[in-house]
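Undergrad: Pasting input_39.csv below, which is CSV, C-alpha atoms.
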chain,number,residue,atom,x,y,z
U,146,MET,CA,0.0,0.0,0.0
U,147,SER,CA,1.4,3.4,-1.0
U,148,GLU,CA,1.5,6.5,1.1
U,149,PRO,CA,-1.4,8.9,0.6
U,150,TYR,CA,-0.9,11.5,-2.0
U,151,LYS,CA,-2.8,14.2,-3.9
U,152,GLN,CA,-2.9,15.1,-7.6
U,153,ILE,CA,-4.1,18.4,-9.1
U,154,ILE,CA,-6.0,17.9,-12.3
U,155,GLU,CA,-7.3,20.5,-14.8
U,156,PHE,CA,-10.5,19.3,-16.4
U,157,ASP,CA,-13.3,20.9,-18.4
U,158,ALA,CA,-16.8,20.2,-17.1
U,159,LEU,CA,-20.3,21.7,-17.3
U,160,PRO,CA,-21.5,23.8,-14.3
U,161,ASP,CA,-24.5,21.5,-13.9
U,162,ASP,CA,-22.3,18.4,-13.7
U,163,THR,CA,-22.2,16.8,-10.3
U,164,VAL,CA,-19.1,15.6,-8.6
U,165,ALA,CA,-20.1,12.0,-9.5
U,166,THR,CA,-20.5,12.9,-13.2
U,167,LEU,CA,-17.0,14.6,-13.1
U,168,LEU,CA,-15.4,11.5,-11.6
U,169,ASN,CA,-17.0,9.3,-14.2
U,170,LYS,CA,-15.7,11.6,-17.0
U,171,ILE,CA,-12.2,11.7,-15.5
U,172,ASN,CA,-12.1,7.9,-15.3
U,173,ALA,CA,-13.2,7.7,-18.9
U,174,GLU,CA,-10.5,10.0,-20.2
U,175,ALA,CA,-7.6,8.1,-21.7
U,176,GLY,CA,-4.0,9.4,-21.1
U,177,LEU,CA,-5.1,12.1,-18.6
U,178,LYS,CA,-2.2,13.7,-16.7
U,179,ASP,CA,-2.0,16.0,-13.7
U,180,THR,CA,-0.5,19.5,-13.6
U,181,GLN,CA,2.9,18.0,-12.9
U,182,GLY,CA,2.7,15.8,-16.0
U,183,ASN,CA,2.2,12.6,-14.0
U,184,PRO,CA,-0.4,10.1,-15.3
U,185,VAL,CA,-3.8,10.1,-13.5
U,186,GLY,CA,-4.8,6.6,-12.6
U,187,PHE,CA,-8.3,5.3,-12.2
U,188,VAL,CA,-10.0,7.2,-9.3
U,189,HIS,CA,-11.7,4.6,-7.0
U,190,TRP,CA,-14.9,5.8,-5.4
U,191,GLN,CA,-18.2,4.2,-4.4
U,192,CYS,CA,-21.6,4.7,-6.0
U,193,SER,CA,-24.9,2.9,-6.4
U,194,CYS,CA,-28.1,4.8,-7.1
U,195,LEU,CA,-26.6,8.2,-8.0
U,196,GLN,CA,-30.0,9.7,-6.8
U,197,LYS,CA,-29.2,10.6,-3.2
U,198,LYS,CA,-30.9,7.5,-1.8
U,199,CYS,CA,-28.0,5.1,-0.8
U,200,GLY,CA,-25.3,7.3,0.7
U,201,ALA,CA,-22.5,5.3,-1.0
U,202,CYS,CA,-20.8,8.2,-2.6
U,203,ALA,CA,-20.2,10.2,0.6
U,204,MET,CA,-16.8,11.9,0.7
U,205,ARG,CA,-15.2,15.2,1.7
U,206,ILE,CA,-15.9,17.8,-0.9
U,207,ASN,CA,-14.0,21.1,-0.4
U,208,GLY,CA,-13.4,20.1,3.2
U,209,ALA,CA,-17.0,19.2,4.1
U,210,PRO,CA,-18.7,15.8,4.0
U,211,ALA,CA,-21.3,15.5,1.2
U,212,LEU,CA,-22.7,13.2,-1.5
U,213,ALA,CA,-20.9,13.3,-4.8
U,214,CYS,CA,-24.2,12.7,-6.7
U,215,ASP,CA,-25.8,15.7,-4.9
U,216,THR,CA,-23.0,18.3,-5.3
U,217,LYS,CA,-23.0,20.3,-8.5
U,218,LEU,CA,-19.8,21.9,-9.7
U,219,CYS,CA,-21.5,25.3,-10.0
U,220,THR,CA,-21.6,25.4,-6.2
U,221,CYS,CA,-17.8,25.2,-6.0
U,222,LYS,CA,-16.2,28.6,-5.6
U,223,HIS,CA,-13.7,29.8,-8.2
U,224,GLY,CA,-14.1,26.5,-10.2
U,225,LYS,CA,-11.9,24.7,-7.7
U,226,LEU,CA,-12.7,21.3,-6.3
U,227,SER,CA,-11.0,19.3,-3.5
U,228,LEU,CA,-11.9,15.7,-3.0
U,229,GLU,CA,-10.8,13.6,-0.1
U,230,PRO,CA,-12.1,10.4,1.6
U,231,LEU,CA,-14.0,10.7,4.9
U,232,LYS,CA,-11.4,11.0,7.7
U,233,LYS,CA,-13.2,9.2,10.5
U,234,PHE,CA,-13.2,5.8,8.7
U,235,PRO,CA,-10.4,3.6,7.5
U,236,THR,CA,-9.4,4.4,3.9
U,237,VAL,CA,-9.7,1.4,1.6
U,238,ARG,CA,-8.5,3.1,-1.6
U,239,ASP,CA,-8.6,6.6,-3.0
U,240,LEU,CA,-12.1,8.0,-2.0
U,241,ILE,CA,-13.4,4.6,-0.7
U,242,VAL,CA,-13.6,4.1,3.1
U,243,ASP,CA,-14.8,1.2,5.3
U,244,ARG,CA,-18.0,2.3,7.1
U,245,SER,CA,-18.9,-1.1,8.5
U,246,LEU,CA,-18.4,0.4,12.0
U,247,MET,CA,-21.9,2.0,11.7
U,248,MET,CA,-23.6,-1.4,11.1
U,249,ASP,CA,-21.5,-2.9,13.9
U,250,ASN,CA,-22.7,-0.2,16.3
U,251,LEU,CA,-26.4,-0.8,15.4
U,252,ILE,CA,-25.9,-4.5,16.1
U,253,SER,CA,-24.1,-3.6,19.4
U,254,ILE,CA,-27.1,-1.6,20.7
U,255,HIS,CA,-29.6,-4.3,19.7
U,256,ASN,CA,-31.4,-1.9,17.3
U,257,TRP,CA,-34.2,-4.2,16.2
U,258,LEU,CA,-37.8,-5.1,17.0
U,259,GLU,CA,-38.3,-8.2,19.2
U,260,GLN,CA,-42.1,-8.2,19.0
U,261,SER,CA,-44.9,-6.8,16.8
U,262,ALA,CA,-45.0,-3.0,16.8
U,263,HIS,CA,-48.1,-1.0,17.4
U,264,HIS,CA,-47.5,2.7,17.1
U,265,SER,CA,-49.7,5.8,16.8
U,266,LYS,CA,-50.3,7.9,13.7
U,267,LYS,CA,-48.2,10.6,15.3
U,268,ALA,CA,-45.3,8.2,15.6
U,269,SER,CA,-45.7,7.1,11.9
U,270,ASP,CA,-44.2,10.4,10.6
U,271,LEU,CA,-41.3,10.2,12.9
U,272,CYS,CA,-40.6,6.6,12.0
U,273,TYR,CA,-40.8,7.4,8.3
U,274,ASP,CA,-38.4,10.3,8.6
U,275,ALA,CA,-35.9,8.2,10.6
U,276,SER,CA,-36.1,5.4,8.0
U,277,ARG,CA,-34.6,7.8,5.4
U,278,CYS,CA,-31.2,7.7,7.1
U,279,LEU,CA,-28.7,6.7,4.4
U,280,GLN,CA,-26.0,5.5,6.8
U,281,CYS,CA,-23.6,7.6,4.7
U,282,GLY,CA,-21.5,8.8,7.7
U,283,CYS,CA,-21.6,12.5,7.0
U,284,CYS,CA,-23.0,13.2,10.5
U,285,LEU,CA,-20.2,11.3,12.2
U,286,GLU,CA,-17.6,13.2,10.1
U,287,VAL,CA,-18.6,16.5,11.6
U,288,CYS,CA,-19.4,15.3,15.1
U,289,PRO,CA,-16.9,16.5,17.7
U,290,ASN,CA,-17.9,13.7,20.1
U,291,PHE,CA,-17.6,10.7,17.8
U,292,LEU,CA,-14.3,8.9,17.6
U,293,PRO,CA,-14.0,5.5,15.8
U,294,GLY,CA,-13.9,2.7,18.4
U,295,GLY,CA,-15.3,5.0,21.1
U,296,ASP,CA,-18.4,4.5,23.2
U,297,PHE,CA,-20.4,7.3,21.6
U,298,TYR,CA,-22.1,6.1,18.4
U,299,GLY,CA,-23.5,9.4,17.1
U,300,ALA,CA,-26.5,10.3,14.9
U,301,ALA,CA,-25.9,7.3,12.7
U,302,ALA,CA,-27.1,5.2,15.7
U,303,PHE,CA,-29.6,7.4,17.4
U,304,VAL,CA,-31.6,8.2,14.3
U,305,PRO,CA,-32.4,4.6,13.6
U,306,ALA,CA,-32.8,3.9,17.3
U,307,SER,CA,-35.5,6.7,17.5
U,308,ARG,CA,-37.5,4.7,15.0
U,309,ILE,CA,-37.5,1.6,17.1
U,310,LEU,CA,-38.0,3.4,20.4
U,311,SER,CA,-41.0,5.3,19.1
U,312,GLN,CA,-42.8,2.1,18.0
U,313,LEU,CA,-42.3,0.4,21.3
U,314,GLU,CA,-42.8,3.3,23.7
U,315,ARG,CA,-44.0,1.3,26.6
U,316,SER,CA,-42.6,-2.2,25.9
U,317,TYR,CA,-39.4,-1.6,24.0
U,318,PRO,CA,-36.5,-3.9,24.6
U,319,ARG,CA,-34.7,-3.0,27.8
U,320,ASP,CA,-31.4,-3.8,26.1
U,321,LEU,CA,-31.9,-1.0,23.6
U,322,SER,CA,-32.7,1.4,26.4
U,323,GLY,CA,-29.6,0.6,28.3
U,324,PHE,CA,-27.3,0.7,25.3
U,325,TYR,CA,-28.9,3.9,24.2
U,326,LYS,CA,-28.1,5.7,27.5
U,327,LYS,CA,-24.6,4.4,27.4
U,328,ASN,CA,-23.7,4.8,23.7
U,329,VAL,CA,-25.8,7.9,22.8
U,330,TYR,CA,-27.2,9.9,25.7
U,331,GLY,CA,-24.1,9.6,27.9
U,332,GLY,CA,-21.7,10.9,25.2
U,333,CYS,CA,-23.7,13.4,23.1
U,334,GLY,CA,-22.6,17.0,23.7
U,335,LYS,CA,-25.7,18.4,22.0
U,336,SER,CA,-23.6,20.4,19.5
U,337,LEU,CA,-26.0,19.3,16.8
U,338,SER,CA,-23.4,19.7,14.2
U,339,CYS,CA,-25.0,16.7,12.6
U,340,HIS,CA,-28.3,18.4,12.1
U,341,ASN,CA,-27.6,20.6,9.1
U,342,ILE,CA,-25.1,18.3,7.4
U,343,CYS,CA,-27.6,15.4,6.8
U,344,PRO,CA,-27.9,14.9,3.0
U,345,ALA,CA,-31.3,13.4,3.4
U,346,GLY,CA,-32.6,16.5,5.3
U,347,ILE,CA,-33.7,14.4,8.3
U,348,ASP,CA,-34.7,16.5,11.4
U,349,VAL,CA,-31.9,15.0,13.5
U,350,GLU,CA,-32.6,17.3,16.5
U,351,GLN,CA,-36.2,16.0,16.6
U,352,LYS,CA,-35.0,12.4,16.5
U,353,LEU,CA,-32.5,13.0,19.3
U,354,SER,CA,-35.2,14.7,21.5
U,355,ASN,CA,-37.7,12.0,20.9
U,356,ALA,CA,-35.3,9.1,21.6
U,357,ASN,CA,-34.1,10.8,24.8
U,358,ALA,CA,-37.6,11.3,26.0
U,359,VAL,CA,-38.6,7.6,25.4
U,360,ALA,CA,-35.4,5.9,26.5
U,361,VAL,CA,-34.3,8.1,29.3
U,362,TRP,CA,-36.8,10.6,30.7
U,363,LYS,CA,-40.1,8.7,30.5
U,364,ARG,CA,-38.5,5.7,32.0
U,365,PHE,CA,-37.0,7.9,34.7
U,366,PHE,CA,-40.3,9.4,35.7
U,367,ARG,CA,-42.0,6.0,35.7
U,368,LYS,CA,-39.6,5.0,38.4
For this file, write the structure as structure tokens.

TA:
Amino acid sequence: MSEPYKQIIEFDALPDDTVATLLNKINAEAGLKDTQGNPVGFVHWQCSCLQKKCGACAMRINGAPALACDTKLCTCKHGKLSLEPLKKFPTVRDLIVDRSLMMDNLISIHNWLEQSAHHSKKASDLCYDASRCLQCGCCLEVCPNFLPGGDFYGAAAFVPASRILSQLERSYPRDLSGFYKKNVYGGCGKSLSCHNICPAGIDVEQKLSNANAVAVWKRFFRK
């Protein structure tokens, strides 16, 4: 495995092209060289739907986490574009990172239903909104409290957890409640840096507030 390096490439593209479109064009260009005259190899990156529904193409774009399929070149200042892999996950190759930690964390907190769910119409909207989480990792990239391998699992865990908790408000699994308090409530600094970065536009603050109410406060007052 080689040491990380960057290349500067001058490339003509349309303003309405997305970063994903640009990467495909670069990879299709034969004999492309960077500004130093070095050959540009195939740029490895992940994609699936290219419609902002899977989160696979998450990367750092001009220093901020975003989806390549949802970022148009016309939004980049001065026609300059900087692409990097997400920094809080192990780099696999080029712009590809290993985000399996997020799934491991959901398994760790027992984030699943253990019985039939019966929820109110009011909870349906919350559940639907939470179900739109792409597990892209953008929220964790900007979170000051999340560290890979740490006890705090971040919005990528509490958004899906809020969906389960809202469906089993009175009889939810005790395991999920205990893990939630340890791996979410106990470590969240409430900076809400995750709120505005979500590519899916999920109301992350609402999900955190609801999950805290069900898993921590309602249970506390019942005692």

Undergrad: Counting only C-alpha atoms, figure out which residue out of U:Leu177, U:Ala262, U:Val361, U:Ile347 gets nearest to Arg277 (chain U).

TA: U:Ile347

Undergrad: Using all atoms listed in the file, what does the table of region 227-252 of chain U residues within 10 Å of region 193-214 of chain U look like, with each row giving the shortest atom pair and its distance in Å to one decimal, sorted by chain and ascending number, as a tab-separated table?

TA:
residue	atom	partner	partner_atom	distance
U:Ser227	CA	U:Asn207	CA	4.7
U:Leu228	CA	U:Ile206	CA	5.0
U:Glu229	CA	U:Arg205	CA	5.0
U:Pro230	CA	U:Met204	CA	5.0
U:Leu231	CA	U:Met204	CA	5.2
U:Lys232	CA	U:Arg205	CA	8.3
U:Leu240	CA	U:Met204	CA	6.7
U:Ile241	CA	U:Met204	CA	8.2
U:Val242	CA	U:Met204	CA	8.8
U:Arg244	CA	U:Ala201	CA	9.7

Undergrad: Could you tell me which of U:Lys225, U:Ala175, U:Leu353, U:Asp239 comes closest to Tyr150 (chain U) if we count all atoms listed in the file?

TA: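 Among the listed residues, the smallest separation from Tyr150 (chain U) belongs to U:Asp239.
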
Undergrad: Take CA of Ser354 (chain U) and CA of Tyr330 (chain U) and report the distance between them in Å, one decimal.

TA: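 Atom-to-atom, CA of Ser354 (chain U) and CA of Tyr330 (chain U) are spaced 10.2 Å apart.
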
Undergrad: Skipping near chain neighbours, those fewer than 4 positions away, what residues fall within 8 Å of region 152-160 of chain U using all atoms listed in the file, listed as an MDAnalysis selection string?

TA: chainID U and resid 167 171 178:181 185 217:219

Undergrad: Just checking: using only C-alpha atoms, which residue out of U:Val349, U:Pro289, U:Trp190, U:His255 ends up closest to Asn172 (chain U)?

TA: U:Trp190

Undergrad: Rank nothing, just name the residue among U:Ser336, U:Thr220, U:Gln312, U:Asn355 nearest to Ser265 (chain U), using all atoms listed in the file.

TA: U:Gln312

Undergrad: Find the residues around Ala173 (chain U) up to 12 Å (only C-alpha atoms counted), leave out those fewer than 3 positions away in its own chain, and share them as a ChimeraX atom specification.

TA: /U:166-170,176-177,185-188

Undergrad: Could you save those same residues with C-alpha atoms as a PDB file, in the frame of the given file?

TA:
ATOM      1  CA  THR U 166     -20.500  12.900 -13.200  1.00  0.00           C
ATOM      2  CA  LEU U 167     -17.000  14.600 -13.100  1.00  0.00           C
ATOM      3  CA  LEU U 168     -15.400  11.500 -11.600  1.00  0.00           C
ATOM      4  CA  ASN U 169     -17.000   9.300 -14.200  1.00  0.00           C
ATOM      5  CA  LYS U 170     -15.700  11.600 -17.000  1.00  0.00           C
ATOM      6  CA  GLY U 176      -4.000   9.400 -21.100  1.00  0.00           C
ATOM      7  CA  LEU U 177      -5.100  12.100 -18.600  1.00  0.00           C
ATOM      8  CA  VAL U 185      -3.800  10.100 -13.500  1.00  0.00           C
ATOM      9  CA  GLY U 186      -4.800   6.600 -12.600  1.00  0.00           C
ATOM     10  CA  PHE U 187      -8.300   5.300 -12.200  1.00  0.00           C
ATOM     11  CA  VAL U 188     -10.000   7.200  -9.300  1.00  0.00           C
TER      12      VAL U 188
END

Undergrad: When distances are computed from all atoms listed in the file, which of U:Ala345, U:Met247, U:Cys192, U:Cys272 shows the smallest separation from Gly295 (chain U)?

TA: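 Smallest distance to Gly295 (chain U) is found for U:Met247.
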
Undergrad: Using Å and a single decimal, report how far CA of Lys335 (chain U) sits from CA of Asn357 (chain U).

TA: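 Those two atoms sit 11.7 Å apart.
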
Undergrad: Go ahead and fit an axis-aligned box to every listed atom of region 227-245 of chain U plus 8 Å each side, and pass me the centre and edge lengths in Å, one decimal, as lines of an AutoDock Vina configuration file.

TA:
center_x = -13.7
center_y = 9.1
center_z = 3.5
size_x = 26.4
size_y = 36.4
size_z = 30.0

Undergrad: Record the distance separating CA of Thr216 (chain U) and CA of Thr163 (chain U), expressed in Å with one decimal.

TA: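 Distance reported for this atom pair: 5.3 Å.
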
Undergrad: What lies within 7 Å of Ile342 (chain U) using all atoms listed in the file, ignoring chain neighbours under 2 positions off, as a list of chain:residue names?

TA: U:Cys283, U:Cys284, U:Cys339, U:His340, U:Pro344

Undergrad: List as a PyMOL selection string the protein and nucleic acid residues near Lys233 (chain U), meaning an atom at most 8 Å away when all atoms listed in the file are counted, but skip any in the same chain fewer than 2 places from it.

TA: chain U and resi 231+235+285-286+292-293
